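K.L.:
Structure below; questions to follow.
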Amino acid sequence: MDAAGNQSIASTVNGTTATAPTTPTESAWKPNTFYAVGAIVTYNGSTYSCRQAHTTLTGWEPPIVPALWLLKQS
């Protein structure tokens with residue numbers, strides 16, 4: 001009820017709770033696998049971040065294709 005004595009009809013409020021962004025999990029690089037931008041992989045002891053979404057092929061290993069993978073500094 002407001003200051004003038006007006007009362008509105010009942011209503012239902014629906015909402016969502018925002019979730020915190022997740023940190024990408026690290027996994028071993030594999031061929032024939034889809035990787036989204038920001039995916040983290042390991043290959044031969046080094047860690048890489050995916051620069052462009054793609055499905056990997058043999059020969060597209062992270063150290064060979066820097067257009068797809070960014071070497072992360074430890």
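Just so we're on the same page: first chain in the structure tokens is A, next is B, and so on; residues restart at 1 for each chain, and ligands are numbered from 1 in the order they show up.
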Would you mind listing what lies within 8 Å of Trp69 in chain A as a CSV table (one decimal) with N, CA, C and O atoms, in the first residue's frame, with only C-alpha atoms counted and same-chain residues fewer than 3 positions away left out?
P.N.:
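What follows is the written file around02.csv:
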```csv
chain,number,residue,atom,x,y,z
A,48,TYR,N,48.9,-24.0,-23.0
A,48,TYR,CA,48.5,-23.2,-24.1
A,48,TYR,C,47.0,-22.7,-23.9
A,48,TYR,O,46.2,-23.5,-23.3
A,49,SER,N,46.7,-21.6,-24.4
A,49,SER,CA,45.3,-21.1,-24.4
A,49,SER,C,44.8,-21.0,-25.8
A,49,SER,O,45.6,-20.5,-26.7
A,50,CYS,N,43.6,-21.4,-26.1
A,50,CYS,CA,43.0,-21.4,-27.4
A,50,CYS,C,42.7,-20.0,-27.9
A,50,CYS,O,42.0,-19.3,-27.2
A,51,ARG,N,43.2,-19.6,-29.0
A,51,ARG,CA,43.0,-18.2,-29.6
A,51,ARG,C,41.7,-18.1,-30.4
A,51,ARG,O,41.1,-17.1,-30.5
A,52,GLN,N,41.5,-19.2,-31.2
A,52,GLN,CA,40.3,-19.3,-32.1
A,52,GLN,C,39.6,-20.6,-31.9
A,52,GLN,O,40.3,-21.6,-31.8
A,62,PRO,N,49.6,-27.5,-30.6
A,62,PRO,CA,49.8,-26.1,-30.2
A,62,PRO,C,51.2,-25.5,-30.6
A,62,PRO,O,51.1,-24.4,-31.1
A,63,PRO,N,52.3,-26.1,-30.4
A,63,PRO,CA,53.6,-25.4,-30.8
A,63,PRO,C,53.7,-25.2,-32.3
A,63,PRO,O,54.5,-24.4,-32.8
A,65,VAL,N,51.0,-24.5,-34.5
A,65,VAL,CA,50.0,-23.5,-35.0
A,65,VAL,C,49.8,-22.4,-34.0
A,65,VAL,O,48.8,-22.3,-33.3
A,66,PRO,N,50.7,-21.4,-34.0
A,66,PRO,CA,50.5,-20.3,-33.1
A,66,PRO,C,49.3,-19.4,-33.4
A,66,PRO,O,48.9,-18.6,-32.5
```
K.L.:
With distances taken over only C-alpha atoms, which residue among A:Ala4, A:Gln73, A:Ala10, A:Leu57 lies nearest Gly45 in chain A?
P.N.:
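Smallest separation from Gly45 in chain A among the options: A:Gln73.
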K.L.:
Could you tell me how far CA of Glu61 in chain A lies from CA of Thr25 in chain A, in Å and to one decimal?
P.N.:
18.4 Å
K.L.:
Using only C-alpha atoms, which residue out of A:Leu71, A:Ile64, A:Ile9, A:Ala3 lies closest to Thr42 in chain A?
P.N.:
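Closest to Thr42 in chain A, using only C-alpha atoms: A:Leu71.
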K.L.:
With distances taken over only C-alpha atoms, which residue among A:Val41, A:Tyr35, A:Trp29, A:Met1 lies nearest Thr58 in chain A?
P.N.:
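With only C-alpha atoms as the atom set, the closest residue is A:Trp29.
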K.L.:
Tell me, in Å to one decimal, how far CA of Lys72 in chain A is from CA of Ala28 in chain A.
P.N.:
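We find that CA of Lys72 in chain A and CA of Ala28 in chain A lie 14.3 Å from each other.
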